[in-house]
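Everything on this sheet refers to the single structure shown next.
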Amino acid sequence: MDCIPCFLRQAVEAERMSSNDEVVREAVLREVMDYLLKEDWAKTPSELGTNIHRIVKKRTGKYDPYRRVKEEHNKASLKLYPSLKELVEESSNSLLKAIKVAIAGNVIDLGAGLSTDLNQAIQEVLESPFTVNHFNKLKNSIRVNRKVLFFADNAGEVFFDRVLLEELTKGDIEVTYVVKGGPIINDATLHDARAAEIENVARVTTTGTDCVGVLFEECSKEFLQEFEEAQLIISKGQGNYESMSNIEGKEIFFLLRAKCPVIAEDLGVKLGSIILKRSRKP
C-alpha cells in the first residue's frame with residue numbers, strides 16, 4: 001500500500017509537466033484515482049505505474065512529459081562523464097569502480113521522487129560501502145559467460161552506464177544494452193542511448209514497449225527471444241528489480257540504490273543502501 005501515494009505523486013508530477021489546464025489536470029488525477037480504486041493492488045508496481053502514466057499521456061496528449069527534464073539530465077551527465085571515466089582509469093580495481101559509478105548514476109530517478117543536488121548525491125554513493133556486494137560472483141559469471149544483456153534505467157544515467165560498458169568491453173565482453181521502446185517517466189530510450197553514444201561500445205536494443213520496468217507480456221518477440229537466450233543479465237534500477245527479482249532460471253545481477261522503503265524492505269537493507277546483488281532462482 002505504500003506504493004499508492006507514490007503513484008499519485010507521480011501522476012501529479014507528470015500531469016504538471018504535460019498541461020497548464022487545471023480542468024484537464026483534475027480530470028487526469030480523478031481518472032488515475034478511479035483506476036487505482038478499482039485495480040487489483042496485487043499486480044506489480046511496474047504494471048500499475050505503467051498504466052497510470054499511460055492515463056496521463058492519453059488524457060493530456062503529451063507523449064513524453066519528461067522530455068525536457070531528460071534532456072537536462074543528459075546534458076548534466078555528459079559534463080560529468082570525463083571525470084567519471086578518470087575515476088575508473090585511476091582505480092586499482094577498475095571494474096568494481098565502474099560498477100560503483102554506474103550505481104551512482106542511479107540517483108537520477110524521478111519515479112522515486114528524488115530531487116537533489118546531483119554532484120552531492122553522486123559523491124555520497126561513491127564514498128558509501130556496498131550493503132550487498134556480490135562483485136566476485138559477477139566477475140566469475142562474466143568470465144564464464146562472456147555475453148551480457150544489460151538493462152538500462154534512466155536518461156542521464158546512460159552516461160554513467162557507458163563508463164561500465166566501456167570497462168566490460170575492454171575485456172572483450174559482448175554487451176547488448178536494453179532501453180525502453182517508448183517514453184515512460186524519465187526512463188532511457190533509444191534517443192538517450194544515442195545521446196551517450198552507447199552504440200559505440202555495445203549493441204542497443206529495446207523492450208519494444210513503453211513500460212515501467214519490464215512487462216514481458218507486452219515486449220516484442222525479438223526482445224523476448226534475446227531474453228530467453230541470455231545467460232547473464234545486469235539490471236539497473238528499482239523498476240527493473242521489481243520486474244525481475246523473482247524470475248527463475250536466470251543469472252541476474254541487480255545494480256541499484258535502495259531509494260524507497262518498499263524496495264529496501266524487500267532487499268532487507270536500510271534506505272539509501274548501495275546494492276550489487278546476485279539473484280538466481282532455480
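By convention here, the chains of the C-alpha cells are called A, B, ... in the order presented, each chain's residues are numbered starting at 1, and ligands are numbered starting at 1 in the order presented.
All residues of segment 126-240 of chain A that DSSP, run on the backbone, classes as strand (DSSP E or B) are Phe130, Thr131, Val132, Asn133, Lys147, Val148, Leu149, Phe150, Phe151, Asn154, Glu174, Val175, Thr176, Tyr177, Val178, Val179, Lys180, Asp187, Thr189, Arg203, Val204, Thr205, Thr206, Leu232, Ile233, Ile234, Ser235 and Lys236 of chain A.
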Every residue of segment 102-270 of chain A that DSSP places in alpha helix (DSSP H), as JSON, numbers by chain:
{"A": [102, 103, 104, 118, 119, 120, 121, 122, 123, 124, 125, 126, 127, 135, 136, 137, 138, 139, 140, 141, 142, 143, 144, 145, 157, 158, 159, 160, 161, 162, 163, 164, 165, 166, 167, 168, 169, 170, 190, 191, 192, 193, 194, 195, 221, 222, 223, 224, 225, 226, 227, 228, 229, 238, 239, 240, 241, 242, 243, 244, 261, 262, 263, 264, 265, 266, 267]}
Excluding segment 99-110 of chain A and any residue of its chain fewer than 3 positions from it, enumerate the residues within 7 Å of it, using only C-alpha atoms, and give them as a list in words.
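Result of the neighbour search: Leu84, Leu95, Leu96, Gly113, Leu114, Ala121, Ile122, Val125, Leu126, Asn154, Glu157, Phe160, Asp161, Leu164, Asn186, Gly237, Leu255, Leu256 and Arg257 of chain A.
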Length of the atom CA of Trp41 of chain A to atom CA of Asp210 of chain A vector [Å]
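Computing it gives 20.7 Å between the two atoms.
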Need the shell around segment 130-143 of chain A: protein/DNA/RNA residues with any atom at most 9 Å away, counting only C-alpha atoms. Skip same-chain ones fewer than 6 positions apart. Format as an mmCIF file with C-alpha atoms, in the first residue's frame?
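The file below, part_25.cif, is the result:
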data_model
loop_
_atom_site.group_PDB
_atom_site.id
_atom_site.type_symbol
_atom_site.label_atom_id
_atom_site.label_comp_id
_atom_site.auth_asym_id
_atom_site.auth_seq_id
_atom_site.Cartn_x
_atom_site.Cartn_y
_atom_site.Cartn_z
ATOM 1 C CA LEU A 95 35.687 -2.927 -12.892
ATOM 2 C CA LEU A 96 34.485 -2.522 -9.314
ATOM 3 C CA ILE A 99 30.124 -0.620 -11.194
ATOM 4 C CA LYS A 100 30.085 1.917 -8.359
ATOM 5 C CA LEU A 168 33.291 -4.546 -19.722
ATOM 6 C CA ILE A 173 32.749 -8.920 -23.309
ATOM 7 C CA LEU A 232 23.974 -13.306 -17.816
ATOM 8 C CA GLU A 251 21.689 -15.303 -13.656
ATOM 9 C CA PHE A 253 22.835 -9.081 -11.065
ATOM 10 C CA VAL A 269 18.522 -3.238 3.808
ATOM 11 C CA LYS A 270 18.320 0.333 5.034
ATOM 12 C CA SER A 273 21.823 1.323 0.592
ATOM 13 C CA ILE A 274 24.127 0.565 -2.338
ATOM 14 C CA ILE A 275 23.350 -2.807 -3.872
ATOM 15 C CA LEU A 276 25.173 -5.263 -6.138
ATOM 16 C CA LYS A 277 23.058 -8.374 -5.708
ATOM 17 C CA ARG A 278 23.100 -11.699 -7.494
#
Ranking A:Lys259, A:Arg9, A:Lys170, A:Arg280 by minimum distance to Met33 of chain A and counting only C-alpha atoms, which one comes first?
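Smallest separation from Met33 of chain A among the options: A:Arg9.
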Please report the interatomic distance between atom CA of Ile4 of chain A and atom CA of Thr207 of chain A in Å with one decimal.
25.7 Å
Can you pull out the residues contacting Ser245 of chain A? Cut-off 12 Å, using only C-alpha atoms, and skip same-chain residues under 4 positions away; I want them as a ChimeraX atom specification.
/A:44,213-214,233-241,249-255,263,266-267,277-281
